[in-house]
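Novice: Sending over target.cif (mmCIF, C-alpha atoms).
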```
data_work
loop_
_atom_site.label_atom_id
_atom_site.label_comp_id
_atom_site.auth_asym_id
_atom_site.auth_seq_id
_atom_site.Cartn_x
_atom_site.Cartn_y
_atom_site.Cartn_z
CA MET A 1 116.38 85.23 90.21
CA ALA A 2 115.86 85.27 86.54
CA ASN A 3 117.34 88.14 84.66
CA GLN A 4 114.64 88.22 82.07
CA GLY A 5 111.41 90.04 82.56
CA PRO A 6 108.27 88.42 81.25
CA HIS A 7 107.98 91.29 78.84
CA ASP A 8 110.89 90.38 76.66
CA HIS A 9 110.34 90.34 72.96
CA GLY A 10 113.28 88.08 72.44
CA LYS A 11 115.77 90.74 73.44
CA GLY A 12 115.82 90.11 77.19
CA LEU A 13 114.94 92.91 79.54
CA GLY A 14 117.04 93.33 82.64
CA ARG A 15 115.58 94.07 86.05
CA ARG A 16 116.34 97.77 85.69
CA GLU A 17 114.36 97.99 82.50
CA VAL A 18 111.46 96.10 84.00
CA LEU A 19 111.40 98.49 86.92
CA GLU A 20 111.44 101.45 84.58
CA CYS A 21 108.58 99.89 82.74
CA MET A 22 106.80 99.68 86.06
CA LEU A 23 107.25 103.41 86.58
CA TRP A 24 105.85 104.32 83.24
CA ALA A 25 103.40 102.26 82.14
CA GLY A 26 100.24 100.75 82.21
CA THR A 27 98.22 98.59 80.09
CA GLY A 28 96.70 95.19 80.03
CA VAL A 29 98.89 92.19 80.40
CA LEU A 30 98.50 89.37 77.98
CA TRP A 31 99.37 85.99 79.44
CA THR A 32 99.77 82.78 77.53
CA VAL A 33 99.68 79.63 79.61
CA SER A 34 101.02 76.33 78.39
CA GLY A 35 102.60 74.50 81.26
CA GLY A 36 105.93 76.03 80.38
CA ILE A 37 107.72 79.17 81.40
CA PRO A 38 105.51 82.22 80.98
CA HIS A 39 106.53 85.22 78.99
CA SER A 40 104.67 87.90 77.17
CA VAL A 41 104.33 88.10 73.45
CA GLY A 42 103.75 91.78 72.99
CA LEU A 43 101.25 94.53 73.27
CA ILE A 44 97.64 93.87 72.63
CA GLY A 45 97.49 95.39 69.16
CA GLU A 46 100.48 93.51 67.89
CA ALA A 47 100.05 90.25 69.72
CA ALA A 48 98.97 87.20 67.85
CA ALA A 49 98.39 85.33 71.07
CA ALA A 50 94.67 85.85 71.14
CA GLU A 51 94.38 84.39 67.67
CA ALA A 52 96.51 81.37 68.40
CA GLY A 53 93.73 79.12 69.54
CA GLY A 54 93.99 79.68 73.25
CA PHE A 55 91.62 81.37 75.62
CA THR A 56 91.98 84.84 77.04
CA PHE A 57 91.04 86.23 80.39
CA LEU A 58 91.57 89.65 81.92
CA GLN A 59 92.91 90.90 85.19
CA MET A 60 91.30 94.09 86.48
CA SER A 61 92.12 95.61 89.82
CA ASP A 62 91.73 98.39 92.33
CA SER A 63 88.75 100.25 90.90
CA HIS A 64 88.25 102.00 94.29
CA ILE A 65 84.71 103.06 93.44
CA GLY A 66 83.88 105.97 95.76
CA PHE A 67 87.36 107.50 95.63
CA ASP A 68 87.02 111.18 94.70
CA LYS A 69 90.26 112.81 95.83
CA ALA A 70 92.83 114.79 93.84
CA ALA A 71 94.55 111.75 92.33
CA ASN A 72 91.31 110.98 90.43
CA PRO A 73 88.04 112.75 91.23
CA ASP A 74 86.09 110.27 89.05
CA ALA A 75 87.12 106.68 89.72
CA LEU A 76 83.80 105.44 88.34
CA GLY A 77 84.49 107.31 85.10
CA THR A 78 87.88 105.70 84.56
CA LEU A 79 86.39 102.28 85.34
CA ARG A 80 83.83 102.98 82.62
CA GLU A 81 86.70 103.74 80.24
CA ALA A 82 88.41 100.48 81.16
CA VAL A 83 85.16 98.57 80.63
CA ALA A 84 84.78 100.25 77.23
CA LYS A 85 88.20 98.83 76.32
CA VAL A 86 87.02 95.38 77.35
CA LYS A 87 83.85 95.65 75.29
CA ALA A 88 85.90 96.75 72.28
CA MET A 89 88.23 93.74 72.41
CA PRO A 90 88.07 91.77 69.15
CA ALA A 91 88.01 88.45 71.00
CA LYS A 92 85.77 88.32 74.04
CA PRO A 93 87.71 87.26 77.15
CA ALA A 94 86.51 84.09 78.88
CA PHE A 95 86.28 85.86 82.22
CA ILE A 96 87.75 88.61 84.36
CA ILE A 97 89.81 88.09 87.47
CA ASN A 98 89.26 91.02 89.80
CA THR A 99 92.05 91.35 92.33
CA GLY A 100 90.19 93.54 94.80
CA ASP A 101 89.67 97.02 96.15
CA ILE A 102 86.50 97.07 94.10
CA THR A 103 85.26 99.89 96.33
CA HIS A 104 86.99 102.54 98.38
CA LEU A 105 84.93 102.32 101.58
CA SER A 106 82.77 99.16 101.24
CA LYS A 107 79.59 101.25 101.02
CA PRO A 108 76.51 99.61 99.45
CA ALA A 109 76.25 102.35 96.81
CA GLU A 110 79.91 101.85 95.88
CA PHE A 111 79.38 98.11 95.42
CA ASP A 112 76.20 98.84 93.45
CA ASN A 113 78.02 101.22 91.09
CA ALA A 114 80.91 98.83 90.63
CA ASP A 115 78.57 95.92 89.91
CA LYS A 116 76.67 97.95 87.36
CA VAL A 117 79.75 99.02 85.40
CA PHE A 118 81.61 95.70 85.63
CA GLY A 119 78.36 94.01 84.61
CA GLU A 120 78.43 95.91 81.33
CA THR A 121 81.38 93.77 80.24
CA GLY A 122 78.97 90.84 79.89
CA VAL A 123 81.77 88.56 81.09
CA PRO A 124 81.83 86.37 84.23
CA ILE A 125 83.99 87.82 87.01
CA HIS A 126 85.98 85.98 89.66
CA TRP A 127 86.59 88.25 92.65
CA VAL A 128 88.84 88.42 95.65
CA PRO A 129 88.54 91.23 98.20
CA GLY A 130 91.00 94.01 98.91
CA GLU A 131 91.27 95.62 102.33
CA HIS A 132 88.95 98.40 101.14
CA ASP A 133 86.17 95.88 100.44
CA ILE A 134 85.81 94.60 104.00
CA ILE A 135 85.53 97.81 106.04
CA ASP A 136 81.75 97.73 106.37
CA GLU A 137 80.36 97.63 109.92
CA GLU A 138 80.38 93.84 109.92
CA ARG A 139 83.88 93.59 108.47
CA GLY A 140 83.48 91.71 105.24
CA LYS A 141 79.85 90.59 105.40
CA ALA A 142 78.83 92.97 102.60
CA TYR A 143 81.54 91.58 100.33
CA LEU A 144 80.73 87.93 101.07
CA GLU A 145 77.02 88.44 100.51
CA ARG A 146 77.70 89.76 97.02
CA TYR A 147 80.72 87.80 95.87
CA GLY A 148 81.29 84.98 98.32
CA LYS A 149 78.90 82.37 96.94
CA GLY A 150 80.59 78.98 96.91
CA SER A 151 83.72 80.32 98.57
CA LYS A 152 85.33 79.25 101.83
CA GLY A 153 86.28 81.31 104.88
CA ALA A 154 86.76 84.98 104.07
CA GLY A 155 86.12 84.30 100.37
CA TRP A 156 88.80 81.97 98.99
CA TYR A 157 88.07 79.34 96.31
CA SER A 158 89.44 77.55 93.28
CA PHE A 159 88.14 76.52 89.88
CA ASP A 160 89.37 74.87 86.71
CA ASP A 161 89.14 76.25 83.21
CA HIS A 162 90.79 75.02 79.99
CA GLY A 163 93.05 72.73 81.98
CA VAL A 164 94.34 75.53 84.19
CA HIS A 165 93.74 75.47 87.94
CA PHE A 166 92.80 78.91 89.25
CA ILE A 167 93.06 79.76 92.95
CA GLY A 168 91.64 82.93 94.52
CA LEU A 169 93.17 83.72 97.92
CA VAL A 170 92.23 86.31 100.55
CA ASN A 171 95.14 88.03 102.29
CA VAL A 172 93.45 91.16 103.68
CA VAL A 173 91.63 89.72 106.70
CA ASP A 174 92.73 89.53 110.34
CA LEU A 175 95.91 91.51 109.74
CA LYS A 176 98.40 91.53 112.59
CA GLY A 177 99.97 94.70 114.04
CA GLY A 178 103.39 95.35 112.56
CA GLY A 179 102.82 92.73 109.88
CA LEU A 180 101.92 92.46 106.22
CA GLY A 181 99.09 90.77 104.35
CA ASN A 182 97.85 87.58 105.97
CA LEU A 183 96.51 84.26 104.64
CA GLY A 184 96.23 82.43 107.97
CA ALA A 185 96.45 78.79 108.97
CA GLU A 186 92.91 77.85 107.93
CA GLN A 187 93.36 79.11 104.38
CA LEU A 188 96.80 77.53 104.01
CA ALA A 189 95.40 74.17 105.16
CA TRP A 190 92.63 74.53 102.60
CA LEU A 191 95.18 75.34 99.89
CA GLU A 192 97.27 72.31 100.74
CA ALA A 193 94.19 70.08 100.48
CA ASP A 194 93.07 71.81 97.29
CA LEU A 195 96.42 71.09 95.58
CA LYS A 196 96.87 67.58 96.94
CA ASP A 197 95.44 65.65 94.02
CA LYS A 198 96.63 68.01 91.30
CA SER A 199 99.27 66.79 88.90
CA SER A 200 102.48 68.85 88.92
CA SER A 201 101.98 69.46 85.21
CA THR A 202 98.74 71.36 85.86
CA PRO A 203 99.28 75.04 85.10
CA ILE A 204 98.39 77.12 88.14
CA VAL A 205 97.16 80.71 88.25
CA VAL A 206 96.89 82.06 91.80
CA PHE A 207 95.44 85.49 92.49
CA ALA A 208 95.03 87.65 95.59
CA HIS A 209 94.88 91.36 96.37
CA ILE A 210 98.17 92.06 98.17
CA PRO A 211 101.31 90.67 96.49
CA LEU A 212 102.08 87.21 97.87
CA GLN A 213 105.80 87.95 97.68
CA VAL A 214 107.26 90.92 99.48
CA VAL A 215 107.58 93.77 97.00
CA TYR A 216 108.36 96.49 99.57
CA LYS A 217 108.14 95.68 103.25
CA GLU A 218 108.38 99.30 104.44
CA TRP A 219 105.03 100.01 102.81
CA GLY A 220 103.50 96.69 103.75
CA TRP A 221 103.55 95.46 100.17
CA GLY A 222 103.74 91.75 100.74
CA THR A 223 102.10 88.84 102.56
CA GLU A 224 103.45 87.66 105.91
CA ASP A 225 102.82 83.97 105.22
CA GLY A 226 102.85 84.26 101.42
CA MET A 227 105.96 82.09 101.16
CA ARG A 228 104.07 79.22 102.77
CA ALA A 229 101.56 79.35 99.94
CA LEU A 230 104.34 79.59 97.37
CA ASP A 231 106.10 76.60 98.95
CA LEU A 232 102.95 74.54 98.40
CA LEU A 233 103.03 75.61 94.72
CA LYS A 234 106.72 74.92 94.12
CA ARG A 235 106.29 71.46 92.61
CA PHE A 236 104.12 72.77 89.78
CA GLY A 237 105.69 73.34 86.38
CA SER A 238 103.95 76.64 85.73
CA VAL A 239 102.71 79.01 88.41
CA THR A 240 101.45 82.49 87.63
CA VAL A 241 100.75 84.85 90.54
CA LEU A 242 98.44 87.80 89.83
CA ASN A 243 98.08 90.57 92.41
CA GLY A 244 96.89 94.17 92.73
CA HIS A 245 97.14 96.56 95.68
CA ILE A 246 100.22 98.53 94.58
CA HIS A 247 98.55 100.25 91.60
CA GLN A 248 101.45 99.75 89.22
CA LEU A 249 103.08 97.07 87.16
CA ALA A 250 105.70 94.93 88.80
CA GLN A 251 106.85 91.72 87.21
CA LYS A 252 109.33 89.07 88.15
CA VAL A 253 110.17 85.54 87.10
CA GLU A 254 111.63 83.06 89.56
CA GLY A 255 112.09 79.56 88.23
CA ASN A 256 108.66 78.28 87.28
CA MET A 257 106.87 81.14 88.99
CA THR A 258 105.88 84.40 87.37
CA PHE A 259 104.71 87.30 89.51
CA HIS A 260 102.65 90.13 88.13
CA THR A 261 100.85 93.07 89.69
CA ALA A 262 98.27 94.99 87.68
CA MET A 263 97.58 98.67 87.39
CA SER A 264 94.57 100.22 89.05
CA THR A 265 91.69 101.67 87.06
CA ALA A 266 91.39 104.47 89.66
CA PHE A 267 94.70 106.11 90.60
CA PRO A 268 98.42 105.36 90.49
CA GLN A 269 100.65 104.86 93.50
CA PRO A 270 104.35 105.73 93.67
CA ALA A 271 107.17 103.31 92.94
CA PRO A 272 108.52 101.69 96.13
CA GLY A 273 110.38 104.19 98.27
CA SER A 274 110.03 107.03 95.76
CA ALA A 275 107.61 109.06 97.90
CA PRO A 276 107.01 109.67 101.63
CA SER A 277 104.11 107.21 101.60
CA PRO A 278 102.32 104.78 99.29
CA GLY A 279 99.28 107.10 99.12
CA PRO A 280 97.52 108.04 95.87
CA MET A 281 99.90 109.73 93.44
CA VAL A 282 98.71 112.95 91.86
CA VAL A 283 99.88 113.26 88.26
CA PRO A 284 98.95 115.89 85.66
CA ALA A 285 95.43 115.18 84.40
CA ASP A 286 96.64 114.50 80.86
CA GLN A 287 98.94 111.77 82.16
CA LEU A 288 96.52 109.97 84.46
CA ARG A 289 95.24 107.52 81.87
CA SER A 290 98.74 106.41 80.99
CA LYS A 291 99.07 105.14 84.55
CA LEU A 292 95.77 103.28 84.74
CA GLY A 293 94.92 100.09 82.93
CA LEU A 294 94.13 96.43 82.80
CA SER A 295 95.85 93.18 81.95
CA THR A 296 95.01 90.62 79.31
CA VAL A 297 96.12 87.06 79.87
CA THR A 298 96.05 84.49 77.10
CA VAL A 299 96.26 80.79 77.77
CA LEU A 300 97.45 78.85 74.74
CA GLN A 301 96.81 75.17 74.37
CA GLY A 302 99.79 73.08 73.44
CA ASN A 303 103.40 73.83 73.92
CA LYS A 304 103.36 77.61 73.93
CA PRO A 305 104.10 79.83 76.90
CA LEU A 306 101.62 81.94 78.81
CA ALA A 307 101.47 85.56 77.71
CA ILE A 308 100.49 88.81 79.39
CA VAL A 309 99.90 92.19 77.89
CA ASP A 310 99.35 95.31 79.96
CA ARG A 311 97.32 98.04 78.43
CA THR A 312 96.78 101.58 79.70
CA LEU A 313 93.59 103.58 79.39
CA ALA A 314 95.53 106.10 77.31
CA GLY A 315 96.02 103.71 74.40
CA MET B 1 82.11 109.16 129.88
CA LYS B 2 80.61 106.36 127.89
CA LYS B 3 79.75 108.82 125.19
CA LEU B 4 83.38 109.71 124.80
CA ARG B 5 84.65 106.16 124.63
CA HIS B 6 83.71 105.48 121.05
CA ALA B 7 83.08 108.89 119.69
CA ALA B 8 84.16 108.26 116.11
CA SER B 9 81.85 110.73 114.54
CA ARG B 10 81.66 113.43 111.98
CA LEU B 11 79.28 115.34 114.22
CA SER B 12 81.94 117.61 115.51
CA PHE B 13 79.41 119.96 117.09
CA ALA B 14 78.11 117.10 119.24
CA ARG B 15 81.63 116.22 120.24
CA ALA B 16 82.44 119.82 121.03
CA LEU B 17 79.29 120.06 123.10
CA THR B 18 80.14 116.90 125.03
CA ALA B 19 83.67 118.14 125.59
CA ALA B 20 82.39 121.51 126.74
CA LEU B 21 79.96 119.92 129.16
CA LEU B 22 82.63 117.69 130.62
CA LEU B 23 85.54 120.05 130.57
CA GLY B 24 83.77 123.25 131.52
CA PRO B 25 83.53 122.59 135.26
CA LEU B 26 86.85 120.76 135.26
CA ALA B 27 88.98 123.26 133.44
CA GLY B 28 89.65 125.46 136.45
CA ALA B 29 90.59 122.55 138.67
CA LEU B 30 92.91 121.13 136.04
CA LEU B 31 94.64 124.45 135.57
CA ALA B 32 95.00 124.86 139.33
CA PHE B 33 97.01 121.65 139.46
CA GLY B 34 99.13 122.69 136.52
CA ALA B 35 97.67 119.91 134.45
CA ARG B 36 97.43 120.22 130.68
CA ALA B 37 94.50 122.41 129.84
CA ALA B 38 94.26 121.70 126.17
CA THR B 39 93.08 118.43 124.72
CA GLU B 40 95.01 119.23 121.57
CA ALA B 41 98.00 117.58 123.19
CA ASP B 42 96.11 114.31 123.12
CA VAL B 43 95.61 114.16 119.39
CA VAL B 44 97.34 111.61 117.20
CA THR B 45 97.31 112.57 113.54
CA ILE B 46 97.63 110.19 110.63
CA ASP B 47 99.71 111.63 107.79
CA ASN B 48 101.51 109.76 105.06
CA PHE B 49 100.60 106.37 106.52
CA THR B 50 102.20 107.31 109.85
CA PHE B 51 100.80 107.85 113.36
CA GLY B 52 102.17 111.04 114.89
CA PRO B 53 103.43 111.14 117.51
CA PRO B 54 104.22 107.43 117.26
CA GLU B 55 104.30 107.20 121.05
CA LEU B 56 102.16 109.27 123.40
CA THR B 57 102.33 109.29 127.21
CA ILE B 58 99.17 110.41 129.03
CA PRO B 59 97.64 110.35 132.50
CA VAL B 60 94.84 107.91 133.33
CA GLY B 61 91.46 109.22 132.26
CA THR B 62 92.74 111.03 129.16
CA THR B 63 90.77 110.88 125.95
CA VAL B 64 92.97 110.49 122.89
CA LYS B 65 91.67 111.52 119.52
CA TRP B 66 93.04 110.14 116.24
CA VAL B 67 92.47 112.19 113.08
CA ASN B 68 93.11 110.85 109.58
CA HIS B 69 94.63 113.44 107.24
CA ASP B 70 95.40 110.99 104.43
CA ASP B 71 93.19 110.55 101.39
CA ILE B 72 93.15 106.82 102.06
CA PRO B 73 91.11 105.34 104.94
CA HIS B 74 92.90 104.06 108.01
CA SER B 75 91.77 102.51 111.27
CA VAL B 76 93.06 102.34 114.82
CA VAL B 77 93.20 98.87 116.36
CA ASP B 78 94.65 97.92 119.73
CA LYS B 79 96.82 94.80 119.60
CA ASN B 80 95.02 93.44 122.68
CA LYS B 81 91.57 94.48 121.46
CA ALA B 82 91.03 97.25 124.04
CA PHE B 83 89.76 99.48 121.21
CA ARG B 84 89.04 99.28 117.52
CA SER B 85 87.84 102.14 115.34
CA LYS B 86 85.83 101.92 112.18
CA ALA B 87 87.63 102.78 108.98
CA LEU B 88 88.33 106.51 109.13
CA ASP B 89 87.98 108.30 105.83
CA THR B 90 89.75 111.59 105.20
CA ASP B 91 89.34 113.96 108.19
CA ASP B 92 87.30 111.41 110.16
CA ASN B 93 88.34 110.90 113.76
CA PHE B 94 88.11 108.37 116.55
CA SER B 95 88.37 108.94 120.29
CA PHE B 96 89.04 106.57 123.15
CA THR B 97 89.30 107.28 126.87
CA PHE B 98 92.04 105.42 128.69
CA ALA B 99 90.54 104.54 132.07
CA SER B 100 93.43 102.44 133.35
CA ALA B 101 97.23 102.52 133.29
CA GLY B 102 99.21 100.43 130.87
CA THR B 103 100.90 100.34 127.50
CA PHE B 104 98.67 100.09 124.46
CA ASP B 105 100.30 99.03 121.20
CA TYR B 106 98.05 99.71 118.26
CA PHE B 107 98.14 99.52 114.47
CA CYS B 108 96.10 100.34 111.37
CA GLY B 109 93.73 97.48 110.56
CA LEU B 110 94.08 98.19 106.83
CA HIS B 111 97.82 98.82 106.73
CA PRO B 112 99.23 96.94 109.71
CA HIS B 113 102.78 98.11 109.11
CA MET B 114 101.52 101.40 110.59
CA VAL B 115 102.01 101.13 114.35
CA GLY B 116 101.80 103.41 117.38
CA LYS B 117 101.82 103.28 121.16
CA ILE B 118 99.94 104.97 123.99
CA VAL B 119 101.52 104.83 127.45
CA VAL B 120 99.01 105.54 130.24
CA LYS B 121 100.48 106.41 133.65
#
```
Re-express the file's structure as structure tokens.
Specialist:
Amino acid sequence: MANQGPHDHGKGLGRREVLECMLWAGTGVLWTVSGGIPHSVGLIGEAAAAEAGGFTFLQMSDSHIGFDKAANPDALGTLREAVAKVKAMPAKPAFIINTGDITHLSKPAEFDNADKVFGETGVPIHWVPGEHDIIDEERGKAYLERYGKGSKGAGWYSFDDHGVHFIGLVNVVDLKGGGLGNLGAEQLAWLEADLKDKSSSTPIVVFAHIPLQVVYKEWGWGTEDGMRALDLLKRFGSVTVLNGHIHQLAQKVEGNMTFHTAMSTAFPQPAPGSAPSPGPMVVPADQLRSKLGLSTVTVLQGNKPLAIVDRTLAG
Amino acid sequence: MKKLRHAASRLSFARALTAALLLGPLAGALLAFGARAATEADVVTIDNFTFGPPELTIPVGTTVKWVNHDDIPHSVVDKNKAFRSKALDTDDNFSFTFASAGTFDYFCGLHPHMVGKIVVK
């Protein structure tokens, strides 16, 4: 386990500091990909990454449109604020990766509202579902009809952009009692075939709703067969794993793999084990926006590392 | 009885009516045998991502009601597919009548680390 967090500015953050960061913060994450070891270059305002000739994409997550409880009575409003941040970015991102829980209850009106506001970014969006997006009567049909075009199975797919291979996985379907997130044999076989002809020097970005690695088993924050996917990715020189679900930043570097979870745009959840349950965390209204946010990822061409910057809605 | 089997509904008046119709004539007989009069005993609540009580033992024919008190939706899914609720939003409920004896292990379909058990004797 690497001792350095991806957020080091050359001074080397220890695990404790990274975890503290996770408690506090939230912003976008700026990633720079270059086939090397990823690390971040700084906060959005100070980062030169976006100007360094690479391409930038965003990670947005857990908008939970339809949620109206105490932790945030207006989830659509805070999504609008996040989208306003996107529109105000000096360099337009190439696309957005949405790591799920678009809606709270998979209702048509919730999907409609989400589509409308996300659409205002004017940027293509690559989606994967969260468990909240597949609780319609027909268990996922509504999601697939809207976002599943060209995908396999429950909605998994891959694509290439700027020399990076992107893989969207679905780990919220057919969950087993007592278990965690689930990819399943069919999806793992597809992943193996998808990676077969890829050179080990191809930078990989893999994204899914629930963390692929176990973050906190007691709250179900992990994927039962996630290690099988990670084993298939081991031979690659640069693997970046982007997840949502836990509504807070968590980052970790292990060898060539960097793990990152994004903040929600709707409500925060407690740090692992710090509350009786992982349910929505109520914070004073004037602090809410400092715990919501989005992540900016910049992929640099050439021999520079991948960079992530997290940005809260408060900034 | 069929009405009670999948009575996940917000129409609590309809449920109360059904219960009254069914239980009204039975209540005296049940009390005479010292059986449990109140159906409240057969409620499983969901609080803080936990089914409570985690294990419930009931006689054959009992209807169990699950009520979600969290502000996150949950569902109730039997491991062997005997029953499966829709996603229950805050204060929604789901009922199932256990017509035969056995042990029913169930979990939340959204958060499968949440597990519970109904023992029907």
Novice: Distance cut-off 7 Å, counting all atoms listed in the file - which residues of chain B neighbour chain A? Return them as number ranges by chain.
Specialist: B: 48-49, 71-72, 79, 87, 106-107, 109-115
Novice: Step by step: start from the point (105.2, 100.7, 95.0) in the file's coordinates, keep every protein, DNA or RNA residue that has an atom no farther than 7 Å from it, count all atoms listed in the file, and write the set as a list in words.
Specialist: Tyr216, Ile246, Gln248, Gln269, Pro270, Ala271, Pro272 and Pro278 of chain A
Novice: Those residues with C-alpha atoms, as a tab-separated table (two decimals), in the frame of the given file please?
Specialist:
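File produced: result-v9.tsv:
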```tsv
chain	number	residue	atom	x	y	z
A	216	TYR	CA	108.36	96.49	99.57
A	246	ILE	CA	100.22	98.53	94.58
A	248	GLN	CA	101.45	99.75	89.22
A	269	GLN	CA	100.65	104.86	93.50
A	270	PRO	CA	104.35	105.73	93.67
A	271	ALA	CA	107.17	103.31	92.94
A	272	PRO	CA	108.52	101.69	96.13
A	278	PRO	CA	102.32	104.78	99.29
```
Novice: Evaluate the PyMOL selection byres ((chain B and resi 67) around 8) on the structure here and hand back the selected residues as a list in words.
Specialist: Val43, Val44, Thr45, Ile46, Lys65, Trp66, Asn68, His69, Asp91, Asp92, Asn93 and Phe94 of chain B
Novice: List, as a PyMOL selection string, every residue that the PyMOL selection byres ((chain B and resi 116) around 9) selects in the file provided.
Specialist: chain B and resi 50-56+104-108+114-115+117-118
Novice: Name the residues that the PyMOL selection byres ((chain A and resi 229) around 12) picks from the file above, as a PDB file with C-alpha atoms, in the coordinates of the input, using the file's chain letters and numbers.
Specialist:
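The result, stored in selection.pdb:
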```
ATOM      1  CA  ILE A 167      93.060  79.760  92.950  1.00  0.00           C
ATOM      2  CA  GLY A 168      91.640  82.930  94.520  1.00  0.00           C
ATOM      3  CA  LEU A 169      93.170  83.720  97.920  1.00  0.00           C
ATOM      4  CA  VAL A 170      92.230  86.310 100.550  1.00  0.00           C
ATOM      5  CA  ASN A 171      95.140  88.030 102.290  1.00  0.00           C
ATOM      6  CA  ASN A 182      97.850  87.580 105.970  1.00  0.00           C
ATOM      7  CA  LEU A 183      96.510  84.260 104.640  1.00  0.00           C
ATOM      8  CA  GLY A 184      96.230  82.430 107.970  1.00  0.00           C
ATOM      9  CA  ALA A 185      96.450  78.790 108.970  1.00  0.00           C
ATOM     10  CA  GLU A 186      92.910  77.850 107.930  1.00  0.00           C
ATOM     11  CA  GLN A 187      93.360  79.110 104.380  1.00  0.00           C
ATOM     12  CA  LEU A 188      96.800  77.530 104.010  1.00  0.00           C
ATOM     13  CA  ALA A 189      95.400  74.170 105.160  1.00  0.00           C
ATOM     14  CA  TRP A 190      92.630  74.530 102.600  1.00  0.00           C
ATOM     15  CA  LEU A 191      95.180  75.340  99.890  1.00  0.00           C
ATOM     16  CA  GLU A 192      97.270  72.310 100.740  1.00  0.00           C
ATOM     17  CA  ALA A 193      94.190  70.080 100.480  1.00  0.00           C
ATOM     18  CA  ASP A 194      93.070  71.810  97.290  1.00  0.00           C
ATOM     19  CA  LEU A 195      96.420  71.090  95.580  1.00  0.00           C
ATOM     20  CA  VAL A 206      96.890  82.060  91.800  1.00  0.00           C
ATOM     21  CA  PHE A 207      95.440  85.490  92.490  1.00  0.00           C
ATOM     22  CA  ALA A 208      95.030  87.650  95.590  1.00  0.00           C
ATOM     23  CA  PRO A 211     101.310  90.670  96.490  1.00  0.00           C
ATOM     24  CA  LEU A 212     102.080  87.210  97.870  1.00  0.00           C
ATOM     25  CA  GLN A 213     105.800  87.950  97.680  1.00  0.00           C
ATOM     26  CA  THR A 223     102.100  88.840 102.560  1.00  0.00           C
ATOM     27  CA  GLU A 224     103.450  87.660 105.910  1.00  0.00           C
ATOM     28  CA  ASP A 225     102.820  83.970 105.220  1.00  0.00           C
ATOM     29  CA  GLY A 226     102.850  84.260 101.420  1.00  0.00           C
ATOM     30  CA  MET A 227     105.960  82.090 101.160  1.00  0.00           C
ATOM     31  CA  ARG A 228     104.070  79.220 102.770  1.00  0.00           C
ATOM     32  CA  LEU A 230     104.340  79.590  97.370  1.00  0.00           C
ATOM     33  CA  ASP A 231     106.100  76.600  98.950  1.00  0.00           C
ATOM     34  CA  LEU A 232     102.950  74.540  98.400  1.00  0.00           C
ATOM     35  CA  LEU A 233     103.030  75.610  94.720  1.00  0.00           C
ATOM     36  CA  LYS A 234     106.720  74.920  94.120  1.00  0.00           C
ATOM     37  CA  ARG A 235     106.290  71.460  92.610  1.00  0.00           C
ATOM     38  CA  VAL A 239     102.710  79.010  88.410  1.00  0.00           C
ATOM     39  CA  VAL A 241     100.750  84.850  90.540  1.00  0.00           C
TER      40      VAL A 241
END
```
Novice: So how far away is CA of Leu292 (chain A) from CA of His247 (chain A), in Å?
Specialist: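 About the pair CA of His247 (chain A) and CA of Leu292 (chain A): they are 8.0 Å apart.
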Novice: Name the residues within 10 Å of (89.0, 101.6, 118.9), counting only C-alpha atoms in the file's coordinates, and put them as JSON, numbers by chain.
Specialist: {"B": [5, 6, 7, 8, 66, 75, 76, 77, 78, 81, 82, 83, 84, 85, 86, 94, 95, 96, 97, 106]}
Novice: Can you spit out the residues from that selection as an mmCIF file, keeping the file's coordinate frame, using C-alpha atoms?
Specialist:
```cif
data_model
loop_
_atom_site.group_PDB
_atom_site.id
_atom_site.type_symbol
_atom_site.label_atom_id
_atom_site.label_comp_id
_atom_site.auth_asym_id
_atom_site.auth_seq_id
_atom_site.Cartn_x
_atom_site.Cartn_y
_atom_site.Cartn_z
ATOM 1 C CA ARG B 5 84.650 106.160 124.630
ATOM 2 C CA HIS B 6 83.710 105.480 121.050
ATOM 3 C CA ALA B 7 83.080 108.890 119.690
ATOM 4 C CA ALA B 8 84.160 108.260 116.110
ATOM 5 C CA TRP B 66 93.040 110.140 116.240
ATOM 6 C CA SER B 75 91.770 102.510 111.270
ATOM 7 C CA VAL B 76 93.060 102.340 114.820
ATOM 8 C CA VAL B 77 93.200 98.870 116.360
ATOM 9 C CA ASP B 78 94.650 97.920 119.730
ATOM 10 C CA LYS B 81 91.570 94.480 121.460
ATOM 11 C CA ALA B 82 91.030 97.250 124.040
ATOM 12 C CA PHE B 83 89.760 99.480 121.210
ATOM 13 C CA ARG B 84 89.040 99.280 117.520
ATOM 14 C CA SER B 85 87.840 102.140 115.340
ATOM 15 C CA LYS B 86 85.830 101.920 112.180
ATOM 16 C CA PHE B 94 88.110 108.370 116.550
ATOM 17 C CA SER B 95 88.370 108.940 120.290
ATOM 18 C CA PHE B 96 89.040 106.570 123.150
ATOM 19 C CA THR B 97 89.300 107.280 126.870
ATOM 20 C CA TYR B 106 98.050 99.710 118.260
#
```
Novice: Can you sort out the box for region 78-97 of chain A, edges along x, y and z, all listed atoms in, 5 Å on every side, with centre and edge lengths in Å to one decimal, as AutoDock Vina command-line options?
Specialist:
```
--center_x 86.8 --center_y 94.9 --center_z 78.3 --size_x 16.0 --size_y 31.6 --size_z 28.3
```
Novice: For a quick check of understanding, using all atoms listed in the file, which of A:Ala84, A:Phe57, A:Pro268, A:Glu254 has the smallest distance to Pro284 (chain A)?
Specialist: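 Closest residue, counting all atoms listed in the file: A:Pro268.
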Novice: Between CA of Pro73 (chain B) and CA of Asp74 (chain A), what is the distance in Å, rounded to a tenth?
Specialist: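 Separating CA of Pro73 (chain B) from CA of Asp74 (chain A) is a distance of 17.4 Å.
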